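J.: Quick one, work.cif (mmCIF, C-alpha atoms):
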```cif
data_final
loop_
_atom_site.label_atom_id
_atom_site.label_comp_id
_atom_site.auth_asym_id
_atom_site.auth_seq_id
_atom_site.Cartn_x
_atom_site.Cartn_y
_atom_site.Cartn_z
CA MET A 66 123.96 89.15 115.22
CA ARG A 67 127.74 88.74 115.03
CA GLN A 68 128.03 87.10 111.61
CA HIS A 69 129.99 88.85 108.97
CA LYS A 70 128.21 89.02 105.66
CA GLN A 71 129.34 90.86 102.61
CA ALA A 72 128.54 91.32 98.98
CA ARG A 73 130.04 93.23 96.12
CA LEU A 74 128.55 94.16 92.79
CA ASP A 75 129.16 96.46 89.86
CA VAL A 76 126.28 97.99 87.96
CA LYS A 77 125.90 100.44 85.10
CA SER A 78 124.33 103.82 85.82
CA LYS A 79 120.87 102.80 84.60
CA ILE A 80 118.22 103.68 87.15
CA GLU A 81 116.52 100.30 86.67
CA ASN A 82 119.64 98.65 88.10
CA ILE A 83 118.53 99.75 91.52
CA SER A 84 116.47 96.56 91.62
CA ILE A 85 119.69 94.50 91.37
CA ILE A 86 121.12 96.34 94.36
CA ASN A 87 117.86 96.08 96.32
CA ASP A 88 117.64 92.33 95.71
CA ARG A 89 121.19 91.78 96.93
CA VAL A 90 120.70 93.98 99.98
CA MET A 91 117.36 92.37 100.85
CA GLY A 92 118.94 88.93 100.56
CA LEU A 93 121.70 89.88 102.97
CA LEU A 94 119.32 91.56 105.41
CA ASP A 95 116.90 88.61 105.32
CA GLU A 96 119.76 86.19 106.06
CA ALA A 97 120.72 88.36 109.01
CA GLY A 98 117.11 88.42 110.27
CA VAL A 99 116.79 92.20 110.13
CA ALA A 100 113.32 93.60 110.95
CA SER A 101 111.22 95.27 108.24
CA GLU A 102 111.52 98.77 109.66
CA TRP A 103 115.31 98.79 109.24
CA LYS A 104 115.11 97.16 105.82
CA TYR A 105 112.83 99.87 104.50
CA ASP A 106 115.03 102.62 105.97
CA ILE A 107 118.00 101.11 104.18
CA LEU A 108 116.18 100.57 100.88
CA THR A 109 114.91 104.14 100.88
CA ALA A 110 118.39 105.52 101.58
CA ILE A 111 119.82 103.35 98.80
CA ASP A 112 117.15 104.67 96.41
CA GLU A 113 118.19 108.24 97.24
CA ALA A 114 121.91 107.53 96.93
CA PHE A 115 121.67 105.63 93.66
CA SER A 116 119.28 108.18 92.11
CA ASN A 117 121.68 110.98 92.92
CA ILE A 118 124.61 109.15 91.37
CA VAL A 119 122.66 108.32 88.21
CA PHE A 120 120.84 111.62 87.67
CA HIS A 121 123.20 114.15 89.18
CA GLY A 122 126.56 112.40 89.06
CA TYR A 123 126.37 110.72 85.68
CA LYS A 124 123.70 113.18 84.47
CA GLY A 125 121.52 110.37 83.17
CA ARG A 126 124.29 108.62 81.19
CA GLU A 127 123.73 104.87 81.29
CA ASP A 128 127.31 103.77 80.63
CA GLY A 129 128.79 104.92 83.91
CA LEU A 130 130.12 102.33 86.33
CA ILE A 131 129.04 102.13 89.97
CA GLU A 132 130.79 99.73 92.34
CA ILE A 133 128.86 98.74 95.41
CA SER A 134 130.18 96.98 98.47
CA ILE A 135 127.88 95.83 101.23
CA THR A 136 128.75 94.50 104.66
CA MET A 137 126.72 93.40 107.64
CA GLU A 138 128.78 92.79 110.78
CA ASN A 139 128.07 93.09 114.50
CA ASN A 140 124.64 94.62 113.85
CA VAL A 141 126.09 97.30 111.58
CA PHE A 142 125.01 97.52 107.96
CA GLN A 143 127.28 99.44 105.63
CA ILE A 144 127.02 100.13 101.92
CA THR A 145 129.56 102.05 99.87
CA PHE A 146 128.95 103.40 96.37
CA THR A 147 132.04 104.16 94.31
CA ASP A 148 131.65 105.91 90.99
CA GLY A 149 133.64 107.88 88.46
CA ALA A 150 131.07 110.61 87.94
CA GLU A 151 131.59 114.30 88.55
CA SER A 152 132.42 115.48 92.00
CA PHE A 153 129.38 115.70 94.26
CA SER A 154 128.57 119.00 95.91
CA PRO A 155 125.98 118.77 98.68
CA PRO A 156 123.46 121.60 98.65
CA ALA A 157 124.84 124.68 100.39
CA CYS A 158 121.80 125.11 102.58
CA ASN A 159 119.19 122.92 104.23
CA PRO A 160 116.50 121.68 101.89
CA VAL A 161 113.10 123.25 101.75
CA LEU A 162 110.65 121.14 103.73
CA GLY A 163 107.01 121.25 104.69
CA ARG A 164 104.48 123.52 103.01
CA ALA A 165 107.19 125.30 101.04
CA LEU A 166 107.75 122.06 99.11
CA LEU A 167 104.33 122.48 97.53
CA ASP A 168 105.37 125.86 96.20
CA LYS A 169 108.69 124.79 94.74
CA LYS A 170 109.15 123.35 91.26
CA ASN A 171 111.76 120.88 92.45
CA CYS A 172 112.73 119.25 95.70
CA LEU A 173 116.47 119.66 95.51
CA GLY A 174 118.30 118.31 98.51
CA VAL A 175 115.32 116.44 99.94
CA GLY A 176 116.73 113.06 98.90
CA ILE A 177 120.04 113.70 100.63
CA TYR A 178 118.24 114.94 103.72
CA ILE A 179 116.11 111.78 103.85
CA MET A 180 119.24 109.65 103.49
CA GLN A 181 120.88 111.48 106.40
CA GLN A 182 117.80 111.14 108.58
CA LEU A 183 117.28 107.43 107.93
CA MET A 184 120.88 106.30 108.22
CA ASP A 185 123.09 106.70 111.28
CA LYS A 186 126.03 107.95 109.27
CA VAL A 187 126.51 109.22 105.72
CA THR A 188 130.00 110.04 104.52
CA TYR A 189 131.27 111.28 101.20
CA GLU A 190 134.84 111.43 99.93
CA ARG A 191 136.34 112.39 96.63
CA ILE A 192 139.52 110.37 96.06
CA GLY A 193 141.25 111.20 92.81
CA GLN A 194 138.62 110.91 90.11
CA THR A 195 136.18 108.79 92.10
CA ASN A 196 133.36 109.47 94.54
CA HIS A 197 132.88 107.28 97.60
CA LEU A 198 129.54 107.50 99.35
CA THR A 199 129.08 105.35 102.47
CA LEU A 200 125.84 104.78 104.34
CA ILE A 201 125.87 103.13 107.76
CA LYS A 202 122.93 101.86 109.78
CA ARG A 203 123.12 100.27 113.23
CA ILE A 204 120.48 97.61 113.60
CA THR A 205 119.01 97.24 117.06
CA GLY A 206 116.39 94.94 118.49
CA GLU A 207 114.05 97.77 119.50
CA VAL A 208 112.03 100.19 117.41
CA GLN A 209 114.21 103.28 117.10
CA HIS A 210 112.57 106.48 115.85
CA GLU A 211 115.46 108.80 116.67
CA PRO A 212 118.68 107.46 115.13
CA GLU A 213 121.82 108.23 117.10
CA SER A 214 123.66 111.15 115.61
CA GLU A 215 127.39 111.09 115.12
CA MET B 281 104.35 98.30 92.79
CA ASN B 282 100.67 98.01 92.15
CA LEU B 283 98.09 100.69 91.53
CA LYS B 284 94.36 100.00 91.72
CA VAL B 285 91.56 102.50 91.31
CA SER B 286 87.99 102.34 92.53
CA ASP B 287 85.14 104.82 92.76
CA HIS B 288 82.97 105.96 95.61
CA LYS B 289 80.41 108.47 94.37
CA ASP B 290 82.56 111.21 92.79
CA ILE B 291 85.70 110.26 94.71
CA LYS B 292 88.52 108.25 93.16
CA ILE B 293 90.26 105.91 95.56
CA VAL B 294 93.75 104.93 94.49
CA TYR B 295 95.35 101.98 96.26
CA LEU B 296 99.14 101.91 96.06
CA SER B 297 101.01 98.81 97.13
CA GLY B 298 104.64 97.72 97.19
CA ARG B 299 107.42 100.25 96.82
CA LEU B 300 107.03 103.69 95.27
CA ASP B 301 110.62 104.29 94.31
CA VAL B 302 112.52 106.16 91.62
CA THR B 303 111.88 103.55 88.91
CA LEU B 304 108.10 103.70 89.21
CA SER B 305 107.30 107.21 90.33
CA SER B 306 106.95 108.69 86.81
CA GLU B 307 104.59 105.93 85.78
CA VAL B 308 102.44 106.36 88.88
CA GLU B 309 102.37 110.12 88.43
CA ALA B 310 101.25 109.70 84.82
CA GLU B 311 98.43 107.39 85.88
CA LEU B 312 97.22 109.79 88.55
CA GLU B 313 97.43 112.73 86.15
CA LYS B 314 95.28 110.83 83.67
CA LEU B 315 92.60 110.52 86.33
CA ILE B 316 92.70 114.27 86.98
CA GLU B 317 92.62 115.08 83.28
CA ALA B 318 89.59 112.83 82.94
CA GLY B 319 87.79 114.99 85.48
CA THR B 320 88.71 113.66 88.93
CA SER B 321 88.76 116.42 91.51
CA LYS B 322 88.46 114.31 94.66
CA MET B 323 91.12 111.71 95.27
CA ILE B 324 92.03 109.44 98.16
CA LEU B 325 95.42 107.72 98.21
CA ASP B 326 95.06 104.58 100.31
CA LEU B 327 98.60 103.63 101.36
CA GLN B 328 97.88 100.64 103.60
CA GLN B 329 99.86 98.32 101.33
CA LEU B 330 102.65 100.75 100.48
CA ASP B 331 105.84 99.45 102.12
CA CYS B 332 108.43 101.87 100.98
CA LEU B 333 108.57 105.44 99.68
CA SER B 334 111.45 107.59 98.48
CA SER B 335 111.75 111.29 97.66
CA SER B 336 110.65 110.56 94.09
CA GLY B 337 107.43 109.13 95.46
CA ILE B 338 106.98 112.15 97.69
CA ARG B 339 107.43 114.34 94.59
CA VAL B 340 104.54 112.48 92.99
CA PHE B 341 102.33 113.20 96.00
CA ILE B 342 103.32 116.86 95.88
CA ALA B 343 102.72 117.14 92.13
CA ILE B 344 99.30 115.51 92.33
CA SER B 345 98.32 117.57 95.36
CA ARG B 346 99.34 120.74 93.52
CA LYS B 347 97.47 119.73 90.37
CA LEU B 348 94.28 118.95 92.25
CA ASN B 349 94.48 122.19 94.22
CA GLN B 350 94.90 124.14 90.98
CA ASN B 351 91.68 122.56 89.74
CA ARG B 352 89.94 123.32 93.05
CA GLY B 353 90.09 119.66 93.93
CA LYS B 354 91.38 117.84 96.98
CA LEU B 355 93.80 115.06 97.77
CA VAL B 356 93.50 113.05 100.97
CA PHE B 357 95.71 110.23 102.28
CA CYS B 358 94.67 107.35 104.46
CA GLN B 359 96.03 104.26 106.20
CA MET B 360 99.69 105.19 106.05
CA THR B 361 101.96 102.59 107.61
CA PRO B 362 104.36 103.73 110.38
CA GLN B 363 107.24 103.60 107.88
CA ILE B 364 105.50 105.92 105.43
CA LYS B 365 104.34 108.22 108.22
CA LYS B 366 107.93 108.44 109.43
CA LEU B 367 109.11 109.58 106.02
CA ILE B 368 106.30 112.10 105.59
CA LYS B 369 107.20 113.48 109.02
CA ILE B 370 110.89 113.72 108.08
CA VAL B 371 110.03 116.06 105.19
CA GLU B 372 107.50 117.88 107.40
CA LEU B 373 104.53 117.16 105.22
CA ASP B 374 102.59 115.51 108.05
CA ASP B 375 100.90 118.83 108.87
CA VAL B 376 100.49 119.78 105.22
CA PHE B 377 98.91 116.71 103.72
CA GLU B 378 95.50 115.67 104.97
CA ILE B 379 96.09 112.20 106.45
CA HIS B 380 93.43 109.95 107.93
CA ASN B 381 93.65 106.66 109.77
CA SER B 382 90.89 104.95 107.83
CA LEU B 383 89.24 105.01 104.44
CA TYR B 384 85.97 105.85 106.17
CA GLU B 385 87.47 108.97 107.75
CA ALA B 386 88.96 109.90 104.37
CA PHE B 387 85.51 109.71 102.73
CA ASN B 388 84.10 111.94 105.46
CA ALA B 389 86.83 114.49 104.76
CA PHE B 390 85.04 115.33 101.53
CA ASP B 391 81.73 115.88 103.26
CA ALA B 392 83.13 118.40 105.72
#
```
Please express the file's structure as structure tokens.

T.:
Amino acid sequence: MRQHKQARLDVKSKIENISIINDRVMGLLDEAGVASEWKYDILTAIDEAFSNIVFHGYKGREDGLIEISITMENNVFQITFTDGAESFSPPACNPVLGRALLDKKNCLGVGIYIMQQLMDKVTYERIGQTNHLTLIKRITGEVQHEPESE
Amino acid sequence: MNLKVSDHKDIKIVYLSGRLDVTLSSEVEAELEKLIEAGTSKMILDLQQLDCLSSSGIRVFIAISRKLNQNRGKLVFCQMTPQIKKLIKIVELDDVFEIHNSLYEAFNAFDA
């Protein structure tokens, strides 16, 4: 799978716009012949990333701008979200998991944790007034339950 | 995302299909809560046709599980796909939720 495919789109910070991103990503992954397991990992991670930007970054405002760039090259899928929302601070400690989740009112940090577990690399940078969140997934031909850690 | 409900004796079986993501989780939660408010205390979530789940979907499962437990009810899952099982395992709910391989086994869970 050595083709280079890319896409770029800008969306407003409305949660419904996730479907626009998903459609574009699915199109690119389908063209590249990516198996369902990887597609769903990627879509779930995108859901987590976009939700965080909309609800925590832009605090639910629907007029924020989110730039998305997507590439698929040499079996590596990469998506970068760039937004002008507030600086993102990852939770200071590991999220609550397991039975304790049933006792907590919210599941703070679980989305980020899922993103990190499903993707091979998640990076965040604050450059000036913008956030840059990049998710990378290496697509292989075999079922891979333990992603390589960086 | 599709939600269908059927009855088996006093058990509500809810079939979820498609993707349970952030845009639909509130709606699904509201539908499941309506069932509980109408008197459902035994619920099976059949996830055979559910392709994709995010943390917002997991929050729905947690909220409904909590609500049923508070009303001395029970929530049971069945027929999770490998993708969904993987996610439930990531958040370590695989030993917390009652998960069965078949609808038949899920029914039997209420007889035990």

J.: Taking the file as shown, what set of residues would the PyMOL selection byres ((chain A) within 8 of (chain B)) give back, as a compact mmCIF listing (two decimals) with C-alpha atoms, in the coordinates of the input?

T.:
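In the end it all went to expr27.txt:
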```txt
# COMPACT_ATOMS: atom_id res chain seq x y z
CA ILE A 80 118.22 103.68 87.15
CA GLU A 81 116.52 100.30 86.67
CA GLU A 102 111.52 98.77 109.66
CA TYR A 105 112.83 99.87 104.50
CA LEU A 108 116.18 100.57 100.88
CA THR A 109 114.91 104.14 100.88
CA ALA A 110 118.39 105.52 101.58
CA ASP A 112 117.15 104.67 96.41
CA GLU A 113 118.19 108.24 97.24
CA SER A 116 119.28 108.18 92.11
CA LEU A 162 110.65 121.14 103.73
CA GLY A 163 107.01 121.25 104.69
CA ARG A 164 104.48 123.52 103.01
CA LEU A 166 107.75 122.06 99.11
CA LEU A 167 104.33 122.48 97.53
CA CYS A 172 112.73 119.25 95.70
CA VAL A 175 115.32 116.44 99.94
CA GLY A 176 116.73 113.06 98.90
CA ILE A 179 116.11 111.78 103.85
CA GLN A 182 117.80 111.14 108.58
```

J.: Residues within 8 Å of Val187 (chain A), please, as a list in words. Count all atoms listed in the file; anything in the same chain fewer than 2 positions from it doesn't count.

T.: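 My list of contacting residues is Met180, Gln181, Met184, Asp185, Tyr189, Leu198, Thr199, Leu200 and Ile201 of chain A.
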
J.: Given the choices B:Leu330, B:Arg352, B:Ser305, B:Phe390, which gets closest to Lys292 (chain B) if the distance is worked out from all atoms listed in the file?

T.: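 Looking at the shortest contact to Lys292 (chain B), the residue is B:Phe390.
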
J.: Report as a PDB file with C-alpha atoms, keeping the file's coordinate frame all protein, DNA and RNA residues lying within 12 Å of Leu348 (chain B), evaluated on all atoms listed in the file, omitting residues in the same chain fewer than 5 positions from it.

T.:
```
ATOM      1  CA  LEU A 167     104.330 122.480  97.530  1.00  0.00           C
TER       2      LEU A 167
ATOM      3  CA  LEU B 312      97.220 109.790  88.550  1.00  0.00           C
ATOM      4  CA  GLU B 313      97.430 112.730  86.150  1.00  0.00           C
ATOM      5  CA  LYS B 314      95.280 110.830  83.670  1.00  0.00           C
ATOM      6  CA  LEU B 315      92.600 110.520  86.330  1.00  0.00           C
ATOM      7  CA  ILE B 316      92.700 114.270  86.980  1.00  0.00           C
ATOM      8  CA  GLU B 317      92.620 115.080  83.280  1.00  0.00           C
ATOM      9  CA  GLY B 319      87.790 114.990  85.480  1.00  0.00           C
ATOM     10  CA  THR B 320      88.710 113.660  88.930  1.00  0.00           C
ATOM     11  CA  SER B 321      88.760 116.420  91.510  1.00  0.00           C
ATOM     12  CA  LYS B 322      88.460 114.310  94.660  1.00  0.00           C
ATOM     13  CA  MET B 323      91.120 111.710  95.270  1.00  0.00           C
ATOM     14  CA  ILE B 324      92.030 109.440  98.160  1.00  0.00           C
ATOM     15  CA  PHE B 341     102.330 113.200  96.000  1.00  0.00           C
ATOM     16  CA  ILE B 342     103.320 116.860  95.880  1.00  0.00           C
ATOM     17  CA  ALA B 343     102.720 117.140  92.130  1.00  0.00           C
ATOM     18  CA  GLY B 353      90.090 119.660  93.930  1.00  0.00           C
ATOM     19  CA  LYS B 354      91.380 117.840  96.980  1.00  0.00           C
ATOM     20  CA  LEU B 355      93.800 115.060  97.770  1.00  0.00           C
ATOM     21  CA  VAL B 356      93.500 113.050 100.970  1.00  0.00           C
TER      22      VAL B 356
END
```

J.: Once the PyMOL selection byres ((chain B and resi 285) around 9) has been evaluated on this model, what residues remain selected, and can you format them as a short mmCIF file (atom, residue, chain, number, x, y, z; two decimals) with C-alpha atoms, in the coordinates of the input?

T.:
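Output below, filename expr.cif:
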```cif
data_model
loop_
_atom_site.label_atom_id
_atom_site.label_comp_id
_atom_site.auth_asym_id
_atom_site.auth_seq_id
_atom_site.Cartn_x
_atom_site.Cartn_y
_atom_site.Cartn_z
CA LEU B 283 98.09 100.69 91.53
CA LYS B 284 94.36 100.00 91.72
CA SER B 286 87.99 102.34 92.53
CA ASP B 287 85.14 104.82 92.76
CA LYS B 292 88.52 108.25 93.16
CA ILE B 293 90.26 105.91 95.56
CA VAL B 294 93.75 104.93 94.49
CA TYR B 295 95.35 101.98 96.26
CA LEU B 296 99.14 101.91 96.06
#
```

J.: For Ala72 (chain A), work out the shell of residues within 9 Å, counting all atoms listed in the file and skipping chain neighbours fewer than 6 positions away, then give it as a PyMOL selection string.

T.: chain A and resi 89-90+93+133-136

J.: In Å, rounded to a single decimal, give me how far CA of His288 (chain B) is from CA of His380 (chain B).

T.: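 Separation between CA of His380 (chain B) and CA of His288 (chain B): 16.6 Å.
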
J.: Return as a ChimeraX atom specification the set of residues that the PyMOL selection byres ((chain A and resi 202) around 9) yields on the displayed structure.

T.: /A:103,106-107,140-143,183-186,200-201,203-204,212

J.: Using only C-alpha atoms for the distances, tell me which of A:Ile144, A:Ile192, A:Met137, A:Ile177 is nearest to Ile86 (chain A).

T.: A:Ile144

J.: To one decimal place in Å, what is the distance between CA of Thr205 (chain A) and CA of Asp95 (chain A)?

T.: 14.7 Å

J.: So what do you get for CA of Asn82 (chain A) versus CA of His69 (chain A), distance-wise?

T.: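 Interatomic distance here is 25.3 Å.
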
J.: Can you work out which one of B:Asn282, B:Asp391, B:Asn351, B:Leu327 has the shortest atom-to-atom distance to Gly298 (chain B), counting all atoms listed in the file?

T.: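 Between B:Asn282, B:Asp391, B:Asn351, B:Leu327, the residue approaching Gly298 (chain B) most closely is B:Asn282.
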
J.: Starting from the incomplete input, reconstruct all heavy atoms of region 135-146 of chain A and report them as a compact mmCIF listing (two decimals), in the frame of the given file.

T.:
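Written output follows (part-v2.txt):
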```txt
# COMPACT_ATOMS: atom_id res chain seq x y z
N ILE A 135 128.87 95.92 100.15
CA ILE A 135 127.88 95.83 101.23
C ILE A 135 128.44 94.93 102.32
O ILE A 135 128.96 93.84 102.02
CB ILE A 135 126.58 95.19 100.71
CG1 ILE A 135 126.06 95.94 99.45
CG2 ILE A 135 125.50 95.20 101.79
CD1 ILE A 135 125.07 95.14 98.63
N THR A 136 128.35 95.38 103.56
CA THR A 136 128.75 94.50 104.66
C THR A 136 127.70 94.57 105.76
O THR A 136 127.03 95.58 105.95
CB THR A 136 130.11 94.87 105.26
OG1 THR A 136 130.03 96.20 105.77
CG2 THR A 136 131.24 94.77 104.27
N MET A 137 127.60 93.47 106.47
CA MET A 137 126.72 93.40 107.64
C MET A 137 127.54 92.69 108.71
O MET A 137 127.86 91.51 108.57
CB MET A 137 125.47 92.61 107.29
CG MET A 137 124.50 92.44 108.43
SD MET A 137 123.48 93.90 108.63
CE MET A 137 122.85 93.64 110.27
N GLU A 138 127.93 93.40 109.76
CA GLU A 138 128.78 92.79 110.78
C GLU A 138 128.47 93.43 112.13
O GLU A 138 128.37 94.66 112.23
CB GLU A 138 130.26 92.99 110.43
CG GLU A 138 131.20 92.29 111.40
CD GLU A 138 132.65 92.30 110.94
OE1 GLU A 138 133.01 93.18 110.14
OE2 GLU A 138 133.41 91.43 111.37
N ASN A 139 128.32 92.59 113.14
CA ASN A 139 128.07 93.09 114.50
C ASN A 139 126.94 94.11 114.54
O ASN A 139 127.05 95.17 115.14
CB ASN A 139 129.33 93.73 115.10
CG ASN A 139 130.44 92.70 115.30
OD1 ASN A 139 130.18 91.52 115.47
ND2 ASN A 139 131.67 93.19 115.24
N ASN A 140 125.84 93.77 113.87
CA ASN A 140 124.64 94.62 113.85
C ASN A 140 124.83 95.95 113.13
O ASN A 140 124.02 96.86 113.31
CB ASN A 140 124.13 94.92 115.27
CG ASN A 140 123.60 93.70 115.97
OD1 ASN A 140 123.58 92.62 115.41
ND2 ASN A 140 123.15 93.88 117.19
N VAL A 141 125.88 96.07 112.34
CA VAL A 141 126.09 97.30 111.58
C VAL A 141 126.04 96.99 110.09
O VAL A 141 126.80 96.16 109.59
CB VAL A 141 127.44 97.96 111.94
CG1 VAL A 141 127.65 99.22 111.07
CG2 VAL A 141 127.48 98.33 113.41
N PHE A 142 125.12 97.66 109.41
CA PHE A 142 125.01 97.52 107.96
C PHE A 142 125.75 98.69 107.32
O PHE A 142 125.58 99.84 107.73
CB PHE A 142 123.52 97.56 107.55
CG PHE A 142 123.32 97.62 106.06
CD1 PHE A 142 123.28 96.45 105.31
CD2 PHE A 142 123.21 98.84 105.39
CE1 PHE A 142 123.11 96.50 103.93
CE2 PHE A 142 123.03 98.90 104.02
CZ PHE A 142 122.98 97.72 103.29
N GLN A 143 126.55 98.38 106.32
CA GLN A 143 127.28 99.44 105.63
C GLN A 143 127.25 99.19 104.13
O GLN A 143 127.44 98.05 103.70
CB GLN A 143 128.74 99.47 106.12
CG GLN A 143 129.59 100.51 105.39
CD GLN A 143 130.95 100.70 106.04
OE1 GLN A 143 131.08 100.87 107.25
NE2 GLN A 143 131.99 100.66 105.23
N ILE A 144 126.98 100.23 103.38
CA ILE A 144 127.02 100.13 101.92
C ILE A 144 127.82 101.30 101.39
O ILE A 144 127.63 102.44 101.83
CB ILE A 144 125.59 100.06 101.31
CG1 ILE A 144 125.64 99.88 99.79
CG2 ILE A 144 124.76 101.29 101.66
CD1 ILE A 144 124.30 99.48 99.16
N THR A 145 128.73 101.01 100.48
CA THR A 145 129.56 102.05 99.87
C THR A 145 129.36 102.04 98.36
O THR A 145 129.46 100.99 97.73
CB THR A 145 131.05 101.86 100.20
OG1 THR A 145 131.21 101.93 101.62
CG2 THR A 145 131.90 102.94 99.55
N PHE A 146 129.07 103.21 97.82
CA PHE A 146 128.95 103.40 96.37
C PHE A 146 130.21 104.12 95.90
O PHE A 146 130.55 105.17 96.43
CB PHE A 146 127.75 104.29 96.04
CG PHE A 146 126.42 103.73 96.47
CD1 PHE A 146 125.94 103.93 97.75
CD2 PHE A 146 125.64 103.00 95.57
CE1 PHE A 146 124.72 103.42 98.15
CE2 PHE A 146 124.41 102.50 95.97
CZ PHE A 146 123.94 102.71 97.25
```
